[in-house]
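Q: Provided below: model_30.txt, containing compact mmCIF, C-alpha atoms.
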```txt
# COMPACT_ATOMS: atom_id res chain seq x y z
CA MET A 1 147.98 225.84 105.54
CA GLN A 2 147.51 222.40 107.09
CA ALA A 3 145.88 222.27 110.52
CA ALA A 4 144.10 219.89 112.90
CA PHE A 5 140.71 221.43 113.63
CA ILE A 6 137.10 220.81 114.58
CA GLU A 7 133.89 222.20 113.10
CA ARG A 8 131.72 221.14 116.04
CA LEU A 9 132.17 219.86 119.58
CA GLY A 10 132.27 216.13 120.06
CA PRO A 11 134.42 212.98 120.35
CA PRO A 12 137.90 212.63 118.85
CA ASP A 13 136.36 211.66 115.52
CA VAL A 14 135.33 215.30 114.93
CA ILE A 15 139.01 216.27 114.50
CA ARG A 16 139.96 216.82 110.88
CA CYS A 17 143.38 217.47 109.38
CA SER A 18 143.15 219.53 106.22
CA GLU A 19 143.65 222.97 104.69
CA VAL A 20 142.45 226.10 106.47
CA PRO A 21 143.18 229.75 105.70
CA ALA A 22 146.56 230.91 106.99
CA PRO A 23 146.26 233.22 110.03
CA LEU A 24 147.13 236.91 109.94
CA PRO A 25 148.70 238.57 112.97
CA GLY A 26 147.10 241.68 114.45
CA PRO A 27 149.07 244.69 115.69
CA SER A 28 149.94 243.03 119.03
CA ASP A 29 150.45 239.50 117.69
CA VAL A 30 153.34 237.36 116.53
CA LEU A 31 153.06 234.90 113.64
CA VAL A 32 154.94 231.69 114.48
CA ASP A 33 156.07 228.89 112.18
CA VAL A 34 155.08 225.88 114.28
CA ALA A 35 157.69 223.13 114.63
CA ALA A 36 155.54 220.98 116.93
CA THR A 37 152.57 221.04 119.27
CA THR A 38 151.35 218.69 122.02
CA VAL A 39 148.25 216.95 123.34
CA ASN A 40 147.03 217.89 126.84
CA PRO A 41 144.02 216.67 128.84
CA VAL A 42 142.54 220.16 128.64
CA ASP A 43 142.62 219.93 124.84
CA THR A 44 140.22 217.01 125.05
CA PHE A 45 137.99 218.96 127.46
CA VAL A 46 137.72 221.86 125.01
CA ARG A 47 137.16 219.61 121.98
CA SER A 48 134.43 217.61 123.73
CA GLY A 49 132.65 220.64 125.20
CA LEU A 50 133.34 219.63 128.82
CA PHE A 51 135.18 222.94 129.23
CA ARG A 52 133.19 225.58 127.37
CA THR A 53 135.10 228.49 125.88
CA PRO A 54 134.43 230.96 123.06
CA MET A 55 135.53 229.60 119.70
CA ASP A 56 135.08 230.28 116.02
CA PHE A 57 134.73 227.29 113.71
CA PRO A 58 136.75 225.87 112.15
CA PHE A 59 138.61 225.81 115.45
CA VAL A 60 142.27 224.76 115.46
CA ILE A 61 143.00 222.58 118.50
CA SER A 62 145.92 222.40 120.98
CA ARG A 63 147.50 224.75 123.49
CA ASP A 64 151.26 224.45 123.21
CA LEU A 65 153.78 225.15 120.50
CA VAL A 66 157.44 225.55 119.87
CA GLY A 67 158.62 227.23 116.71
CA THR A 68 160.24 230.31 115.20
CA VAL A 69 159.03 233.85 114.71
CA ALA A 70 157.82 234.35 111.13
CA ALA A 71 156.49 237.94 111.43
CA THR A 72 155.39 240.44 114.05
CA GLY A 73 152.51 242.89 114.26
CA GLU A 74 153.31 246.55 113.90
CA GLY A 75 152.94 247.16 117.63
CA VAL A 76 155.19 244.30 118.77
CA ARG A 77 158.68 244.99 120.10
CA GLY A 78 161.29 242.57 121.35
CA PHE A 79 160.81 239.60 119.01
CA THR A 80 162.87 239.06 115.87
CA VAL A 81 162.19 236.88 112.84
CA GLY A 82 163.80 233.45 113.21
CA GLU A 83 163.91 233.55 117.02
CA ARG A 84 162.99 230.31 118.84
CA VAL A 85 159.86 230.71 120.92
CA TRP A 86 157.21 228.79 122.84
CA CYS A 87 153.65 229.28 124.03
CA ASN A 88 151.31 227.23 126.21
CA SER A 89 148.02 229.18 126.23
CA LEU A 90 146.44 229.01 122.79
CA GLY A 91 143.21 227.20 121.92
CA HIS A 92 141.08 228.92 124.55
CA GLY A 93 139.26 232.18 125.21
CA GLY A 94 138.71 232.88 121.52
CA ARG A 95 142.32 232.16 120.58
CA GLN A 96 142.84 229.64 117.80
CA GLY A 97 145.06 226.69 118.66
CA ALA A 98 148.59 225.59 117.84
CA ALA A 99 148.00 222.41 115.80
CA ALA A 100 148.86 223.97 112.47
CA GLU A 101 151.75 224.97 110.25
CA GLN A 102 151.45 228.54 111.54
CA ALA A 103 149.82 230.12 114.58
CA VAL A 104 149.09 233.66 115.71
CA VAL A 105 150.17 234.27 119.31
CA PRO A 106 149.50 237.41 121.35
CA ALA A 107 152.94 238.82 122.07
CA ASP A 108 152.34 238.80 125.83
CA ARG A 109 151.73 235.03 125.71
CA LEU A 110 154.91 234.21 123.77
CA TYR A 111 158.25 233.41 125.40
CA ARG A 112 161.77 232.97 124.11
CA LEU A 113 163.34 229.54 124.35
CA PRO A 114 166.65 229.61 126.24
CA ASP A 115 169.82 228.90 124.29
CA ARG A 116 171.06 225.31 124.19
CA VAL A 117 167.70 223.94 125.39
CA ASP A 118 166.23 221.09 123.33
CA PRO A 119 163.04 222.65 121.92
CA TYR A 120 161.10 219.39 121.79
CA ALA A 121 161.97 218.44 125.35
CA ALA A 122 160.95 221.95 126.38
CA LEU A 123 157.66 221.68 124.50
CA ALA A 124 156.84 218.47 126.35
CA THR A 125 157.25 220.19 129.72
CA VAL A 126 155.92 223.73 129.43
CA HIS A 127 152.23 222.98 130.01
CA PRO A 128 152.69 220.61 132.99
CA ALA A 129 155.33 222.94 134.41
CA ALA A 130 153.09 226.01 134.16
CA THR A 131 150.34 224.04 135.90
CA ALA A 132 152.83 223.12 138.62
CA HIS A 133 153.94 226.72 139.08
CA LEU A 134 150.37 227.94 139.42
CA ALA A 135 149.59 225.18 141.92
CA LEU A 136 152.67 225.74 144.05
CA PHE A 137 153.11 229.49 144.05
CA THR A 138 150.11 231.36 142.63
CA HIS A 139 147.47 229.34 144.49
CA GLY A 140 149.50 227.29 146.98
CA ARG A 141 151.59 230.18 148.36
CA LEU A 142 154.56 227.86 148.84
CA ARG A 143 157.47 229.07 150.93
CA PRO A 144 160.96 227.57 151.37
CA GLY A 145 161.16 224.97 154.11
CA GLU A 146 157.53 223.93 153.89
CA THR A 147 156.43 220.33 153.35
CA VAL A 148 154.62 219.58 150.11
CA VAL A 149 152.82 216.35 149.26
CA VAL A 150 152.56 215.55 145.56
CA ALA A 151 150.07 212.73 145.04
CA GLY A 152 151.03 211.16 141.71
CA GLY A 153 154.60 212.39 141.64
CA ALA A 154 155.71 210.35 138.62
CA GLY A 155 153.17 211.73 136.14
CA ASN A 156 153.58 214.66 133.77
CA VAL A 157 152.29 217.36 136.13
CA GLY A 158 153.41 215.46 139.23
CA SER A 159 157.03 215.28 138.15
CA ALA A 160 157.02 219.02 137.41
CA LEU A 161 155.53 219.66 140.85
CA VAL A 162 158.24 217.58 142.54
CA ALA A 163 161.11 219.18 140.61
CA MET A 164 159.83 222.75 141.00
CA ALA A 165 158.98 222.44 144.70
CA ALA A 166 162.39 220.93 145.48
CA TRP A 167 164.10 223.70 143.48
CA ALA A 168 162.16 226.26 145.53
CA GLY A 169 163.50 224.84 148.80
CA ALA A 170 160.49 222.83 149.93
CA ARG A 171 160.59 219.35 151.42
CA VAL A 172 158.73 217.11 149.01
CA VAL A 173 156.88 213.91 149.84
CA ALA A 174 155.62 212.17 146.72
CA THR A 175 153.24 209.28 146.27
CA ALA A 176 153.96 206.85 143.46
CA ARG A 177 154.23 203.19 142.58
CA PRO A 178 157.31 201.48 144.03
CA GLY A 179 158.82 201.24 140.54
CA ASP A 180 158.67 205.03 140.23
CA ALA A 181 160.12 205.83 143.64
CA GLY A 182 163.67 206.21 142.34
CA TYR A 183 162.50 208.56 139.61
CA CYS A 184 160.70 210.76 142.12
CA ARG A 185 163.77 210.88 144.36
CA ARG A 186 165.95 211.91 141.42
CA LEU A 187 163.55 214.77 140.82
CA GLY A 188 164.05 215.92 144.39
CA ALA A 189 161.51 214.07 146.56
CA ALA A 190 162.80 213.52 150.10
CA GLU A 191 160.40 210.60 150.65
CA VAL A 192 158.15 208.50 148.45
CA VAL A 193 155.03 206.68 149.66
CA ASP A 194 153.38 203.83 147.76
CA TYR A 195 149.91 205.13 146.89
CA ARG A 196 148.59 201.58 146.55
CA ALA A 197 149.53 200.66 150.11
CA GLY A 198 146.65 200.12 152.50
CA ASP A 199 148.34 202.33 155.08
CA GLN A 200 149.19 205.12 152.65
CA TRP A 201 147.69 207.84 154.84
CA GLU A 202 149.47 206.62 157.96
CA ARG A 203 152.74 206.68 156.00
CA LEU A 204 152.06 210.24 154.88
CA ARG A 205 151.43 211.24 158.48
CA ASP A 206 154.74 209.65 159.51
CA ALA A 207 156.53 211.39 156.62
CA ALA A 208 155.20 214.79 157.73
CA PRO A 209 154.98 214.62 161.55
CA ASP A 210 154.60 218.40 161.84
CA GLY A 211 151.84 218.44 159.25
CA ILE A 212 151.58 219.04 155.53
CA ASP A 213 151.79 222.66 154.46
CA LEU A 214 150.64 222.10 150.88
CA TYR A 215 148.81 219.08 149.48
CA THR A 216 148.38 218.54 145.72
CA ASP A 217 146.74 215.57 144.01
CA THR A 218 147.31 215.11 140.29
CA SER A 219 145.12 211.99 140.16
CA GLY A 220 141.91 213.97 140.57
CA ARG A 221 140.63 211.75 143.39
CA ASN A 222 140.75 214.66 145.85
CA ASP A 223 140.24 212.71 149.07
CA LEU A 224 139.74 215.75 151.28
CA GLU A 225 138.42 213.72 154.22
CA ARG A 226 141.83 212.12 154.63
CA ALA A 227 144.08 214.91 153.39
CA ILE A 228 142.78 217.83 155.47
CA PRO A 229 143.34 216.18 158.88
CA LEU A 230 147.02 215.75 157.91
CA LEU A 231 147.52 219.45 157.20
CA ALA A 232 149.65 221.70 159.38
CA PRO A 233 148.03 224.84 160.82
CA ARG A 234 147.21 227.12 157.87
CA GLY A 235 147.86 224.24 155.51
CA ARG A 236 146.50 224.39 151.97
CA VAL A 237 144.99 221.91 149.55
CA VAL A 238 145.21 222.85 145.88
CA VAL A 239 142.74 221.07 143.60
CA LEU A 240 144.17 220.91 140.08
CA ALA A 241 142.50 217.85 138.56
CA GLY A 242 139.28 215.87 138.74
CA ALA A 243 136.56 217.76 136.88
CA ALA A 244 133.97 215.16 137.89
CA SER A 245 135.12 214.54 141.48
CA ARG A 246 132.68 215.24 144.33
CA PRO A 247 134.66 214.77 147.54
CA ALA A 248 133.26 215.24 151.03
CA LEU A 249 134.56 218.37 152.74
CA PRO A 250 135.50 218.04 156.43
CA ALA A 251 134.65 221.64 157.28
CA GLY A 252 135.24 221.18 161.00
CA ALA A 253 138.82 220.06 160.53
CA MET A 254 139.34 222.91 158.08
CA TYR A 255 138.34 225.72 160.38
CA MET A 256 140.09 224.20 163.40
CA LYS A 257 143.33 224.16 161.39
CA ASP A 258 142.77 227.53 159.70
CA ALA A 259 143.15 225.53 156.48
CA SER A 260 142.04 226.30 152.95
CA VAL A 261 141.08 224.47 149.78
CA VAL A 262 141.48 226.25 146.46
CA GLY A 263 140.94 225.00 142.93
CA PHE A 264 142.18 226.30 139.61
CA VAL A 265 142.47 225.52 135.93
CA ILE A 266 145.37 226.84 133.89
CA SER A 267 142.95 228.14 131.26
CA ARG A 268 141.86 230.89 133.66
CA ALA A 269 145.41 231.96 134.52
CA ARG A 270 146.07 235.64 133.94
CA VAL A 271 148.73 236.81 131.52
CA PRO A 272 151.07 238.09 134.28
CA GLU A 273 150.74 234.76 136.12
CA LEU A 274 151.67 232.83 132.99
CA ALA A 275 154.60 235.16 132.37
CA GLU A 276 155.86 234.65 135.92
CA ALA A 277 155.58 230.89 135.43
CA ALA A 278 157.39 231.13 132.08
CA GLU A 279 160.34 232.91 133.70
CA VAL A 280 160.76 230.11 136.24
CA ILE A 281 160.22 227.43 133.59
CA ASN A 282 162.94 228.93 131.39
CA THR A 283 165.31 229.01 134.37
CA LEU A 284 164.69 225.35 135.16
CA LEU A 285 164.94 224.36 131.49
CA ALA A 286 168.30 226.10 131.23
CA GLU A 287 169.49 224.33 134.39
CA GLY A 288 168.33 220.94 133.10
CA LEU A 289 165.85 220.47 135.95
CA LEU A 290 162.74 220.07 133.78
CA ARG A 291 162.80 217.11 131.42
CA PRO A 292 160.03 214.92 130.03
CA ARG A 293 160.16 211.30 131.07
CA ARG A 294 158.87 209.89 127.80
CA THR A 295 157.94 211.52 124.52
CA GLU A 296 156.43 210.22 121.31
CA THR A 297 156.45 212.17 118.06
CA LEU A 298 153.63 211.72 115.55
CA PRO A 299 152.46 213.60 112.46
CA LEU A 300 149.73 216.20 112.84
CA ALA A 301 147.33 213.85 111.06
CA ALA A 302 147.44 211.58 114.13
CA ALA A 303 145.78 214.21 116.34
CA ALA A 304 142.45 212.35 116.61
CA GLU A 305 144.13 209.10 117.61
CA ALA A 306 146.26 210.96 120.17
CA HIS A 307 143.07 212.39 121.70
CA ARG A 308 141.57 208.89 121.86
CA ARG A 309 144.64 207.57 123.64
CA MET A 310 144.56 210.48 126.07
CA GLU A 311 140.95 209.78 126.95
CA ARG A 312 141.66 206.06 127.37
CA GLY A 313 144.33 206.90 129.93
CA GLU A 314 147.18 205.57 127.80
CA LEU A 315 149.42 208.65 127.99
CA THR A 316 150.22 208.76 131.69
CA ALA A 317 153.81 209.98 132.12
CA ARG A 318 154.09 210.20 128.33
CA ARG A 319 153.92 213.31 126.17
CA VAL A 320 152.81 213.15 122.54
CA LEU A 321 154.29 215.73 120.18
CA LEU A 322 152.58 216.42 116.85
CA THR A 323 154.56 217.84 113.92
CA PRO A 324 152.87 219.70 111.07
CA PRO A 325 153.73 218.67 107.50
CA GLY A 326 156.72 220.53 106.20
CA ALA A 327 157.75 221.75 109.64
CA VAL A 328 161.42 222.66 109.82
CA GLY A 329 163.19 220.96 112.70
CA LEU A 330 164.64 223.15 115.45
CA ARG A 331 168.00 222.85 117.11
```
Mind turning the file's structure into structure tokens?

A:
Amino acid sequence: MQAAFIERLGPPDVIRCSEVPAPLPGPSDVLVDVAATTVNPVDTFVRSGLFRTPMDFPFVISRDLVGTVAATGEGVRGFTVGERVWCNSLGHGGRQGAAAEQAVVPADRLYRLPDRVDPYAALATVHPAATAHLALFTHGRLRPGETVVVAGGAGNVGSALVAMAAWAGARVVATARPGDAGYCRRLGAAEVVDYRAGDQWERLRDAAPDGIDLYTDTSGRNDLERAIPLLAPRGRVVVLAGAASRPALPAGAMYMKDASVVGFVISRARVPELAEAAEVINTLLAEGLLRPRRTETLPLAAAAEAHRRMERGELTARRVLLTPPGAVGLR
């Protein structure tokens, strides 16, 4: 079959698109005919070696897929051939990736796509949305009525954070450029602060006079010295981006507020956590509350160029979908 793969770690140029042996599902696996996959920042981390993970070469890249069930292992129950499905946790931990005509997915990492949901729009949202769910609920312990700040609310993960937090009954304050303020409000933000403004932090304090219960920063700047003093008692900061950031930690303000800072990467999420996220994602997809802002569809052979564009910062608020040759379109 055709696949986008690497035979060593390195820059985008190491990605090849050629024939590899077709995968065979094990007893607890599902074989999926891939209709499309995506490009995520974490895909570039794995390809470059920044995020080390077990892999066998040739290693097929990419995390996410949408497609149809082609076959199931003898121990799998509940999936039928031809059923529309999605996954967002391949390409890590010894699992081959999704950038191929077919992929093997452990059955406990595969989810049905709700009826009447556009599969390509869903594909563009499932990875950012799972990241958002983990940040808000698994690690952020969000409760209804709390105030959440989403720094970078117009981006791929940021928009999912805003939509999901608002759906959960939180009061959302987003930071974004003025031109994106309306978009953030349509997603559910109660207030939007210009992150380029010199008095951004004073505006955030005014927007949350009782303190911020949960602070998330999708930009990766992680300015803890300014964020932690704005927290409410027992407020939380969730670090979900910024692999190279080295912020100062105001420990005194933390312990006086009974505050906490926790970091996570989706690659370390446990199977039950991903399944819990998938249930919420499917609910929001069915309700039309999760939608990509911009998508671009390219052939699988453009995987290397898509990685280059990702690393140059050209795909902010844009999701690239890659379609394998011969892929059958989904409805």

Q: Rounded to one decimal in Å, what is the spacing between CA of Thr283 in chain A and CA of Arg112 in chain A?

A: 11.6 Å

Q: Which range 81-191 of chain A residues have any atom within 10 Å of an atom of range 5-23 of chain A, and for each, what is the nearest pair of atoms with distance in Å to one decimal, counting all atoms listed in the file, rows sorted by chain and number, as a Markdown table?

A:
```
| residue | atom | partner | partner_atom | distance |
| --- | --- | --- | --- | --- |
| A:Gln96 | CA | A:Pro23 | CA | 9.2 |
| A:Gly97 | CA | A:Phe5 | CA | 8.5 |
| A:Ala98 | CA | A:Phe5 | CA | 9.9 |
| A:Ala99 | CA | A:Phe5 | CA | 7.7 |
| A:Ala100 | CA | A:Phe5 | CA | 8.6 |
| A:Glu101 | CA | A:Ala22 | CA | 8.5 |
| A:Gln102 | CA | A:Ala22 | CA | 7.1 |
| A:Ala103 | CA | A:Pro23 | CA | 6.6 |
| A:Val104 | CA | A:Pro23 | CA | 6.4 |
```

Q: Mind writing the picked residues with C-alpha atoms as a PDB file, in the coordinates of the input?

A:
```
ATOM      1  CA  GLN A  96     142.840 229.640 117.800  1.00  0.00           C
ATOM      2  CA  GLY A  97     145.060 226.690 118.660  1.00  0.00           C
ATOM      3  CA  ALA A  98     148.590 225.590 117.840  1.00  0.00           C
ATOM      4  CA  ALA A  99     148.000 222.410 115.800  1.00  0.00           C
ATOM      5  CA  ALA A 100     148.860 223.970 112.470  1.00  0.00           C
ATOM      6  CA  GLU A 101     151.750 224.970 110.250  1.00  0.00           C
ATOM      7  CA  GLN A 102     151.450 228.540 111.540  1.00  0.00           C
ATOM      8  CA  ALA A 103     149.820 230.120 114.580  1.00  0.00           C
ATOM      9  CA  VAL A 104     149.090 233.660 115.710  1.00  0.00           C
TER      10      VAL A 104
END
```

Q: So that all listed atoms of range 139-158 of chain A fit with 3 Å spare on each side, what axis-aligned box centre and edge lengths in Å, to one decimal, would you give as JSON?

A:
```
{"center_x": 154.3, "center_y": 220.3, "center_z": 143.9, "size_x": 19.7, "size_y": 25.8, "size_z": 26.3}
```

Q: Given the choices A:Ala154, A:Val238, A:Ala207, A:Ala36, which gets closest to Arg318 in chain A if the distance is worked out from all atoms listed in the file?

A: A:Ala154

Q: When you count only C-alpha atoms, which of these residues is closest to Ala163 in chain A: A:Thr138, A:Thr125, A:Thr38, A:Ser62?

A: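 Using only C-alpha atoms, Ala163 in chain A sits closest to A:Thr125.
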
Q: For a quick check of understanding, using only C-alpha atoms, which of A:Ala275, A:Ala244, A:Val42, A:Ala190 has the smallest distance to Arg171 in chain A?

A: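 Among the listed residues, the smallest separation from Arg171 in chain A belongs to A:Ala190.
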
Q: Hey, what's within 12 Å of Gly329 in chain A if we count only C-alpha atoms and toss same-chain stuff fewer than 6 positions away? As a count of residues only, please?

A: 12

Q: Just give me the residues with any atom within 9 Å of (136.8, 229.9, 122.1), file coordinates, counting all atoms listed in the file, written as a list in words.

A: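 I get Val46, Arg52, Thr53, Pro54, Met55, Asp56, Phe59, Gly91, His92, Gly93, Gly94, Arg95 and Gln96 of chain A for the residues within 9 Å of that point.
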
Q: How far is it from CA of Glu279 in chain A to CA of Gly26 in chain A, in Å with one decimal?

A: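 Answer for the CA of Glu279 in chain A to CA of Gly26 in chain A separation: 25.0 Å.
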
Q: Please list as a ChimeraX atom specification every residue within 10 Å of Ala124 in chain A, counting all atoms listed in the file and excluding residues in the same chain fewer than 3 positions away.

A: /A:36-40,64-66,119-121,127-129,156,290-296,318-321

Q: Which residues are near Asp217 in chain A? Cut-off 10 Å, all atoms listed in the file, ignore same chain within fewer than 4 positions. Put them as a list in words.

A: Val149, Val150, Ala151, Gly152, Gly153, Val157, Gly158, Ala174, Thr175, Arg221, Asn222, Asp223, Ala227, Val237, Val238, Val239, Leu240, Ala241 and Gly242 of chain A

Q: Residues within 8 Å of Leu187 in chain A, please, as a PyMOL selection string. Count only C-alpha atoms; anything in the same chain fewer than 4 positions from it doesn't count.

A: chain A and resi 159+162-163+166+183+289

Q: CA of Gly75 in chain A to CA of Leu31 in chain A: how many Å, to one decimal?

A: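 It comes out at 12.9 Å.
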
Q: Reconstruct all heavy atoms of range 144-154 of chain A; output as a short mmCIF file (atom, residue, chain, number, x, y, z; two decimals), in the frame of the given file.

A:
```
data_model
loop_
_atom_site.label_atom_id
_atom_site.label_comp_id
_atom_site.auth_asym_id
_atom_site.auth_seq_id
_atom_site.Cartn_x
_atom_site.Cartn_y
_atom_site.Cartn_z
N PRO A 144 159.85 228.50 151.10
CA PRO A 144 160.96 227.57 151.37
C PRO A 144 160.83 226.94 152.75
O PRO A 144 160.41 227.60 153.71
CB PRO A 144 162.20 228.47 151.28
CG PRO A 144 161.78 229.61 150.42
CD PRO A 144 160.32 229.84 150.73
N GLY A 145 161.19 225.67 152.83
CA GLY A 145 161.16 224.97 154.11
C GLY A 145 159.85 224.29 154.40
O GLY A 145 159.77 223.50 155.35
N GLU A 146 158.81 224.57 153.65
CA GLU A 146 157.53 223.93 153.89
C GLU A 146 157.52 222.50 153.33
O GLU A 146 158.34 222.15 152.48
CB GLU A 146 156.39 224.74 153.27
CG GLU A 146 156.16 226.06 153.97
CD GLU A 146 154.88 226.74 153.52
OE1 GLU A 146 154.56 226.69 152.31
OE2 GLU A 146 154.20 227.32 154.39
N THR A 147 156.58 221.71 153.82
CA THR A 147 156.43 220.33 153.35
C THR A 147 155.29 220.26 152.36
O THR A 147 154.17 220.70 152.64
CB THR A 147 156.14 219.38 154.54
OG1 THR A 147 157.28 219.36 155.41
CG2 THR A 147 155.86 217.97 154.03
N VAL A 148 155.59 219.71 151.20
CA VAL A 148 154.62 219.58 150.11
C VAL A 148 154.40 218.10 149.84
O VAL A 148 155.37 217.33 149.72
CB VAL A 148 155.14 220.24 148.82
CG1 VAL A 148 154.12 220.11 147.69
CG2 VAL A 148 155.48 221.69 149.06
N VAL A 149 153.14 217.69 149.73
CA VAL A 149 152.82 216.35 149.26
C VAL A 149 152.36 216.45 147.82
O VAL A 149 151.48 217.26 147.50
CB VAL A 149 151.73 215.68 150.13
CG1 VAL A 149 151.19 214.43 149.44
CG2 VAL A 149 152.30 215.30 151.49
N VAL A 150 152.97 215.64 146.96
CA VAL A 150 152.56 215.55 145.56
C VAL A 150 152.02 214.15 145.35
O VAL A 150 152.78 213.18 145.27
CB VAL A 150 153.73 215.83 144.61
CG1 VAL A 150 153.26 215.68 143.15
CG2 VAL A 150 154.30 217.22 144.85
N ALA A 151 150.70 214.03 145.30
CA ALA A 151 150.07 212.73 145.04
C ALA A 151 150.11 212.48 143.53
O ALA A 151 149.52 213.23 142.76
CB ALA A 151 148.65 212.71 145.56
N GLY A 152 150.82 211.43 143.14
CA GLY A 152 151.03 211.16 141.71
C GLY A 152 152.29 211.83 141.21
O GLY A 152 152.28 212.49 140.17
N GLY A 153 153.37 211.66 141.93
CA GLY A 153 154.60 212.39 141.64
C GLY A 153 155.36 211.95 140.41
O GLY A 153 156.29 212.63 140.00
N ALA A 154 154.98 210.84 139.80
CA ALA A 154 155.71 210.35 138.62
C ALA A 154 155.04 210.73 137.31
O ALA A 154 155.58 210.45 136.25
CB ALA A 154 155.87 208.83 138.69
#
```
